[in-house]
Amino acid sequence: MSADSAPGEVLGRAHRMSVGGKLSFRKRVPPVEVRGKLPIVVGGDDPPPLADLIPTGFGKVEIEVGSGKGAYLVAATEVRPDTFFIGIEAAGSYATFAADRLVEAGRTNAVLLVDNARLYLEDRVPERSIDRLHVYFPDPWPKRRHRGRRFFTEDAPRLAHRVLRPGGHLLVATDNPGYAGQIARVLGASPLLVRDENEERALIEAGPGHAFSPTNFERKYIAEGRIIRRFAFRTVSEAGA
Ligand SMILES: C[S@@+](CC[C@H](N)C(=O)[O-])C[C@H]1O[C@@H](n2cnc3c(N)ncnc32)[C@H](O)[C@@H]1O
C-alpha cells in the first residue's frame, strides 16, 4: 500500500482505454460497487505499481490471475500467512465477492486488483519480483474471434518468465482438453520454462491452498466428472541453469 492509502481503499475508477493504439480488454473492466473497507483496488486507467499493493514485511509475493470468487486466495492466505497474495480479476463483482470472503475469514495478507492481468503483469509488475504465478481455470474463449484474449498465447512464457523470480513457478489448472494441449505446447516449447513434475506432485500432496486447489470452478468440474489437468512450470535462467 502507498503511504497515503489505507488497505482496501479504492484508488481509481477510470479505465485504461487503449494499448498499442487498439482498444484493450482493460476497457471492459466495469465500475465496482465497493462496500466498506474491502481489500480491493480498482486498477482503472493508471493502476498502481505492484509495490504499492504490498504492505511492508512480506518476503514472498504470489499473484493469482483470474481469481474469480476467491476460494483459492482464502485457502492460500491461511496456509501461507507469511506470503502476500494479489488476486487480479477482470470482473469487478467477483473481485468484490472475493474481497468480502477474505475479510470474513480475517485475512490481511491479500488484496484484489480489478484489472486485465495480462496488461498488469506487462506494465506494472517489475521483472523477477514474484515467487509464484497461479492461473486456475482460465477462460478458454471458445469463439475463434476471441482467441487472442486467452492468457496462454505464444507470449505467455516470456510474460511469466519476466515477472517470476529465478526458479519461481507458474502453476496452471484447466478442465479444457484443447486448451490444456495449447498450454502444454506453448509453455513446453519455450526455453524460458521447464515442466516440473516433481513440484506438481509435491504441491498436490501438500493439499489445499498450496497450489491448484481449491477453486470454485475446480469444485464444479470435479462434481461434473471432468478430468482436471495441472501443470507446474519452473523458470529457467537465460544461461539455461
Ligand atoms: C473460469 S473463471 C475461473 C475463476 C477461478 N480461477 C476459479 O477457478 O474458480 C476465469 C476468471 O478469470 C477472469 N479473467 C478472464 N480474463 C482475465 C484477465 N485478462 N485478467 C483478469 N481476470 C481475467 C474472469 O473474469 C473469471 O473470473
# chains A, B, ... in the order shown; residues from 1 in each chain; ligands from 1
call {"tool": "residues_near_ligand", "arguments": {"ligand": "ligand 1", "cutoff": "8 Å", "atoms": "only C-alpha atoms and all ligand atoms", "output": "MDAnalysis selection string"}}
result
chainID A and resid 25:26 64:72 88:91 94 114:119 135:140 149:151 214:218
call {"tool": "select_by_dssp", "arguments": {"residues": "stretch 38-178 of chain A", "states": "helix (DSSP H, G or I)", "output": "PyMOL selection string"}}
result
chain A and resi 50-53+71-79+92-104+117-123+144-149+156-163+177-178
call {"tool": "write_last_selection", "arguments": {"atoms": "N, CA and C atoms", "output": "compact mmCIF listing (two decimals), in the first residue's frame"}}
result
# COMPACT_ATOMS: atom_id res chain seq x y z
N LEU A 50 3.01 -2.68 -8.57
CA LEU A 50 2.92 -3.80 -7.63
C LEU A 50 3.35 -3.40 -6.22
N ALA A 51 4.45 -2.67 -6.10
CA ALA A 51 4.98 -2.35 -4.78
C ALA A 51 3.96 -1.60 -3.93
N ASP A 52 3.07 -0.83 -4.58
CA ASP A 52 2.07 -0.07 -3.82
C ASP A 52 0.95 -0.96 -3.27
N LEU A 53 0.87 -2.18 -3.76
CA LEU A 53 -0.19 -3.07 -3.27
C LEU A 53 0.27 -3.91 -2.08
N ALA A 71 -11.88 -18.52 -3.82
CA ALA A 71 -11.70 -19.73 -2.98
C ALA A 71 -10.22 -20.06 -2.80
N TYR A 72 -9.45 -19.93 -3.86
CA TYR A 72 -8.03 -20.26 -3.72
C TYR A 72 -7.33 -19.25 -2.80
N LEU A 73 -7.63 -17.99 -2.95
CA LEU A 73 -6.99 -16.97 -2.12
C LEU A 73 -7.30 -17.18 -0.64
N VAL A 74 -8.55 -17.54 -0.34
CA VAL A 74 -8.92 -17.75 1.07
C VAL A 74 -8.11 -18.92 1.65
N ALA A 75 -7.96 -19.98 0.88
CA ALA A 75 -7.20 -21.14 1.38
C ALA A 75 -5.70 -20.84 1.45
N ALA A 76 -5.17 -20.18 0.42
CA ALA A 76 -3.73 -19.93 0.35
C ALA A 76 -3.28 -18.97 1.45
N THR A 77 -4.10 -17.96 1.72
CA THR A 77 -3.73 -16.99 2.77
C THR A 77 -3.72 -17.65 4.14
N GLU A 78 -4.49 -18.72 4.29
CA GLU A 78 -4.49 -19.42 5.59
C GLU A 78 -3.23 -20.28 5.74
N VAL A 79 -2.90 -21.05 4.69
CA VAL A 79 -1.77 -21.99 4.87
C VAL A 79 -0.41 -21.30 4.73
N GLY A 92 -15.36 -7.02 -11.77
CA GLY A 92 -15.42 -6.30 -10.50
C GLY A 92 -16.31 -6.99 -9.48
N SER A 93 -17.42 -7.60 -9.94
CA SER A 93 -18.34 -8.23 -8.98
C SER A 93 -17.66 -9.43 -8.32
N TYR A 94 -16.89 -10.19 -9.09
CA TYR A 94 -16.18 -11.34 -8.49
C TYR A 94 -15.10 -10.85 -7.53
N ALA A 95 -14.38 -9.82 -7.93
CA ALA A 95 -13.32 -9.31 -7.06
C ALA A 95 -13.90 -8.83 -5.73
N THR A 96 -15.05 -8.17 -5.79
CA THR A 96 -15.70 -7.69 -4.56
C THR A 96 -16.12 -8.88 -3.69
N PHE A 97 -16.67 -9.90 -4.35
CA PHE A 97 -17.09 -11.11 -3.62
C PHE A 97 -15.88 -11.72 -2.91
N ALA A 98 -14.76 -11.84 -3.64
CA ALA A 98 -13.55 -12.46 -3.08
C ALA A 98 -13.00 -11.62 -1.93
N ALA A 99 -13.02 -10.30 -2.09
CA ALA A 99 -12.52 -9.42 -1.03
C ALA A 99 -13.37 -9.58 0.23
N ASP A 100 -14.68 -9.71 0.04
CA ASP A 100 -15.60 -9.95 1.16
C ASP A 100 -15.23 -11.24 1.89
N ARG A 101 -14.94 -12.27 1.12
CA ARG A 101 -14.60 -13.57 1.73
C ARG A 101 -13.32 -13.47 2.54
N LEU A 102 -12.36 -12.71 2.03
CA LEU A 102 -11.09 -12.54 2.76
C LEU A 102 -11.33 -11.83 4.09
N VAL A 103 -12.18 -10.81 4.05
CA VAL A 103 -12.49 -10.06 5.28
C VAL A 103 -13.20 -10.98 6.28
N GLU A 104 -14.19 -11.72 5.77
CA GLU A 104 -14.93 -12.65 6.65
C GLU A 104 -14.00 -13.66 7.31
N ALA A 117 -5.23 -8.88 -16.18
CA ALA A 117 -3.97 -9.39 -15.62
C ALA A 117 -2.83 -9.37 -16.63
N ARG A 118 -3.15 -9.62 -17.89
CA ARG A 118 -2.07 -9.63 -18.89
C ARG A 118 -1.41 -8.26 -18.97
N LEU A 119 -2.23 -7.23 -18.98
CA LEU A 119 -1.67 -5.87 -19.05
C LEU A 119 -0.92 -5.54 -17.77
N TYR A 120 -1.49 -5.94 -16.64
CA TYR A 120 -0.87 -5.58 -15.36
C TYR A 120 0.50 -6.25 -15.22
N LEU A 121 0.58 -7.53 -15.59
CA LEU A 121 1.87 -8.23 -15.48
C LEU A 121 2.89 -7.58 -16.41
N GLU A 122 2.41 -7.09 -17.53
CA GLU A 122 3.31 -6.49 -18.51
C GLU A 122 3.84 -5.13 -18.07
N ASP A 123 2.96 -4.29 -17.51
CA ASP A 123 3.40 -2.89 -17.33
C ASP A 123 3.40 -2.37 -15.90
N ARG A 144 -13.58 -18.28 -32.10
CA ARG A 144 -12.31 -18.03 -32.79
C ARG A 144 -11.89 -16.56 -32.69
N ARG A 145 -12.87 -15.65 -32.81
CA ARG A 145 -12.51 -14.22 -32.82
C ARG A 145 -12.04 -13.72 -31.45
N HIS A 146 -12.29 -14.51 -30.39
CA HIS A 146 -11.86 -14.11 -29.05
C HIS A 146 -10.58 -14.80 -28.60
N ARG A 147 -10.03 -15.67 -29.45
CA ARG A 147 -8.87 -16.47 -29.04
C ARG A 147 -7.70 -15.63 -28.51
N GLY A 148 -7.57 -14.42 -29.04
CA GLY A 148 -6.48 -13.53 -28.63
C GLY A 148 -6.57 -13.13 -27.16
N ARG A 149 -7.75 -13.36 -26.56
CA ARG A 149 -7.92 -13.00 -25.15
C ARG A 149 -7.43 -14.08 -24.21
N ALA A 156 2.94 -15.99 -23.54
CA ALA A 156 2.80 -16.28 -22.11
C ALA A 156 4.13 -16.67 -21.44
N PRO A 157 4.99 -17.50 -22.08
CA PRO A 157 6.25 -17.86 -21.40
C PRO A 157 7.11 -16.63 -21.11
N ARG A 158 7.19 -15.72 -22.06
CA ARG A 158 8.00 -14.52 -21.83
C ARG A 158 7.42 -13.69 -20.69
N LEU A 159 6.10 -13.57 -20.69
CA LEU A 159 5.44 -12.77 -19.64
C LEU A 159 5.68 -13.39 -18.26
N ALA A 160 5.50 -14.71 -18.15
CA ALA A 160 5.71 -15.39 -16.85
C ALA A 160 7.18 -15.30 -16.43
N HIS A 161 8.07 -15.53 -17.38
CA HIS A 161 9.50 -15.51 -17.07
C HIS A 161 9.92 -14.11 -16.63
N ARG A 162 9.31 -13.09 -17.21
CA ARG A 162 9.67 -11.72 -16.87
C ARG A 162 9.36 -11.40 -15.40
N VAL A 163 8.21 -11.84 -14.92
CA VAL A 163 7.79 -11.42 -13.57
C VAL A 163 8.24 -12.38 -12.47
N PRO A 177 -9.68 -29.81 -22.47
CA PRO A 177 -8.61 -30.61 -23.08
C PRO A 177 -7.87 -29.86 -24.19
N GLY A 178 -8.63 -29.11 -25.00
CA GLY A 178 -7.98 -28.38 -26.10
C GLY A 178 -7.06 -27.29 -25.59
call {"tool": "closest_residue", "arguments": {"among": "A:Leu203, A:Ser213, A:Pro39, A:Asp196", "to": "A:Gly167", "atoms": "only C-alpha atoms"}}
result
A:Asp196
call {"tool": "atom_distance", "arguments": {"atom1": "atom CA of A:Gly168", "atom2": "atom CA of A:Phe233"}}
result
8.4 Å
call {"tool": "atom_distance", "arguments": {"atom1": "atom CA of A:Pro49", "atom2": "atom CA of A:Val61"}}
result
13.7 Å
call {"tool": "select_by_dssp", "arguments": {"residues": "stretch 98-222 of chain A", "states": "strand (DSSP E)", "output": "PyMOL selection string"}}
result
chain A and resi 110-114+130-136+164-174+193-195
call {"tool": "closest_residue", "arguments": {"among": "A:Ile54, A:Val41, A:Ala180, A:Leu170", "to": "A:Glu200", "atoms": "only C-alpha atoms"}}
result
A:Leu170
call {"tool": "atom_distance", "arguments": {"atom1": "atom CA of A:Val125", "atom2": "atom CA of A:Arg195"}}
result
23.4 Å
call {"tool": "closest_residue", "arguments": {"among": "A:Phe58, A:Phe212, A:Trp141, A:Tyr221", "to": "A:Val172", "atoms": "only C-alpha atoms"}}
result
A:Phe212
call {"tool": "residues_around", "arguments": {"residues": "A:Lys60", "least_positions_apart": "6", "cutoff": "7 Å", "atoms": "only C-alpha atoms", "output": "PDB file with N, CA, C and O atoms, in the first residue's frame"}}
result
ATOM      1  N   THR A  83       3.118 -15.058   3.319  1.00  0.00           N
ATOM      2  CA  THR A  83       3.167 -14.685   1.899  1.00  0.00           C
ATOM      3  C   THR A  83       2.049 -13.692   1.612  1.00  0.00           C
ATOM      4  O   THR A  83       0.950 -13.815   2.163  1.00  0.00           O
ATOM      5  N   PHE A  84       2.327 -12.694   0.752  1.00  0.00           N
ATOM      6  CA  PHE A  84       1.273 -11.753   0.352  1.00  0.00           C
ATOM      7  C   PHE A  84       0.764 -12.147  -1.038  1.00  0.00           C
ATOM      8  O   PHE A  84       1.553 -12.411  -1.952  1.00  0.00           O
ATOM      9  N   ASP A 131       7.109 -14.702  -6.545  1.00  0.00           N
ATOM     10  CA  ASP A 131       7.583 -16.072  -6.302  1.00  0.00           C
ATOM     11  C   ASP A 131       6.796 -17.118  -7.077  1.00  0.00           C
ATOM     12  O   ASP A 131       7.346 -18.134  -7.484  1.00  0.00           O
TER      13      ASP A 131
END
call {"tool": "closest_residue", "arguments": {"among": "A:Val236, A:Ile183, A:Ala223, A:Ala110", "to": "A:Arg165", "atoms": "only C-alpha atoms"}}
result
A:Val236
call {"tool": "decode", "arguments": {"residues": "stretch 207-228 of chain A", "atoms": "N, CA, C and O atoms", "output": "short mmCIF file (atom, residue, chain, number, x, y, z; two decimals), in the first residue's frame"}}
result
data_model
loop_
_atom_site.label_atom_id
_atom_site.label_comp_id
_atom_site.auth_asym_id
_atom_site.auth_seq_id
_atom_site.Cartn_x
_atom_site.Cartn_y
_atom_site.Cartn_z
N GLY A 207 -1.61 -30.36 -0.36
CA GLY A 207 -3.01 -30.13 -0.02
C GLY A 207 -3.52 -28.74 -0.35
O GLY A 207 -2.79 -27.90 -0.89
N PRO A 208 -4.79 -28.47 -0.01
CA PRO A 208 -5.46 -27.22 -0.39
C PRO A 208 -4.69 -25.98 0.06
O PRO A 208 -4.14 -25.94 1.16
N GLY A 209 -4.64 -25.01 -0.83
CA GLY A 209 -4.00 -23.73 -0.51
C GLY A 209 -2.56 -23.65 -0.96
O GLY A 209 -2.01 -22.56 -1.07
N HIS A 210 -1.92 -24.81 -1.17
CA HIS A 210 -0.51 -24.75 -1.58
C HIS A 210 -0.41 -24.41 -3.07
O HIS A 210 0.38 -23.56 -3.46
N ALA A 211 -1.20 -25.08 -3.87
CA ALA A 211 -1.32 -24.71 -5.29
C ALA A 211 -2.48 -25.51 -5.87
O ALA A 211 -2.86 -26.56 -5.32
N PHE A 212 -3.05 -25.02 -6.96
CA PHE A 212 -4.07 -25.70 -7.77
C PHE A 212 -5.48 -25.74 -7.16
O PHE A 212 -6.46 -25.76 -7.87
N SER A 213 -5.58 -25.82 -5.85
CA SER A 213 -6.85 -26.15 -5.21
C SER A 213 -6.96 -25.44 -3.85
O SER A 213 -5.92 -25.23 -3.19
N PRO A 214 -8.18 -25.11 -3.39
CA PRO A 214 -9.46 -25.29 -4.05
C PRO A 214 -9.82 -24.05 -4.88
O PRO A 214 -9.37 -22.95 -4.56
N THR A 215 -10.60 -24.27 -5.94
CA THR A 215 -11.19 -23.11 -6.63
C THR A 215 -12.67 -23.44 -6.87
O THR A 215 -13.07 -24.60 -6.84
N ASN A 216 -13.46 -22.39 -7.14
CA ASN A 216 -14.88 -22.63 -7.37
C ASN A 216 -15.12 -23.46 -8.62
O ASN A 216 -15.96 -24.36 -8.64
N PHE A 217 -14.35 -23.17 -9.67
CA PHE A 217 -14.53 -23.93 -10.91
C PHE A 217 -14.03 -25.36 -10.75
O PHE A 217 -14.62 -26.29 -11.30
N GLU A 218 -12.98 -25.56 -9.98
CA GLU A 218 -12.49 -26.92 -9.75
C GLU A 218 -13.60 -27.76 -9.10
O GLU A 218 -13.87 -28.89 -9.53
N ARG A 219 -14.24 -27.18 -8.08
CA ARG A 219 -15.30 -27.90 -7.37
C ARG A 219 -16.40 -28.31 -8.34
O ARG A 219 -16.86 -29.44 -8.37
N LYS A 220 -16.81 -27.35 -9.17
CA LYS A 220 -17.90 -27.59 -10.12
C LYS A 220 -17.51 -28.67 -11.14
O LYS A 220 -18.28 -29.59 -11.41
N TYR A 221 -16.29 -28.58 -11.66
CA TYR A 221 -15.89 -29.52 -12.71
C TYR A 221 -15.62 -30.91 -12.16
O TYR A 221 -15.89 -31.91 -12.83
N ILE A 222 -15.12 -31.00 -10.92
CA ILE A 222 -14.94 -32.32 -10.31
C ILE A 222 -16.32 -32.96 -10.12
O ILE A 222 -16.51 -34.15 -10.42
N ALA A 223 -17.29 -32.16 -9.68
CA ALA A 223 -18.65 -32.69 -9.49
C ALA A 223 -19.24 -33.17 -10.81
O ALA A 223 -20.03 -34.13 -10.85
N GLU A 224 -18.84 -32.56 -11.91
CA GLU A 224 -19.32 -32.97 -13.24
C GLU A 224 -18.52 -34.15 -13.80
O GLU A 224 -18.77 -34.60 -14.91
N GLY A 225 -17.50 -34.58 -13.07
CA GLY A 225 -16.69 -35.72 -13.53
C GLY A 225 -15.65 -35.36 -14.57
O GLY A 225 -15.10 -36.24 -15.25
N ARG A 226 -15.36 -34.10 -14.72
CA ARG A 226 -14.35 -33.71 -15.73
C ARG A 226 -12.94 -34.03 -15.25
O ARG A 226 -12.67 -34.01 -14.04
N ILE A 227 -12.05 -34.27 -16.19
CA ILE A 227 -10.65 -34.51 -15.85
C ILE A 227 -9.96 -33.16 -15.73
O ILE A 227 -10.10 -32.30 -16.61
N ILE A 228 -9.22 -32.97 -14.63
CA ILE A 228 -8.51 -31.71 -14.40
C ILE A 228 -7.03 -31.94 -14.71
O ILE A 228 -6.43 -32.89 -14.22
#
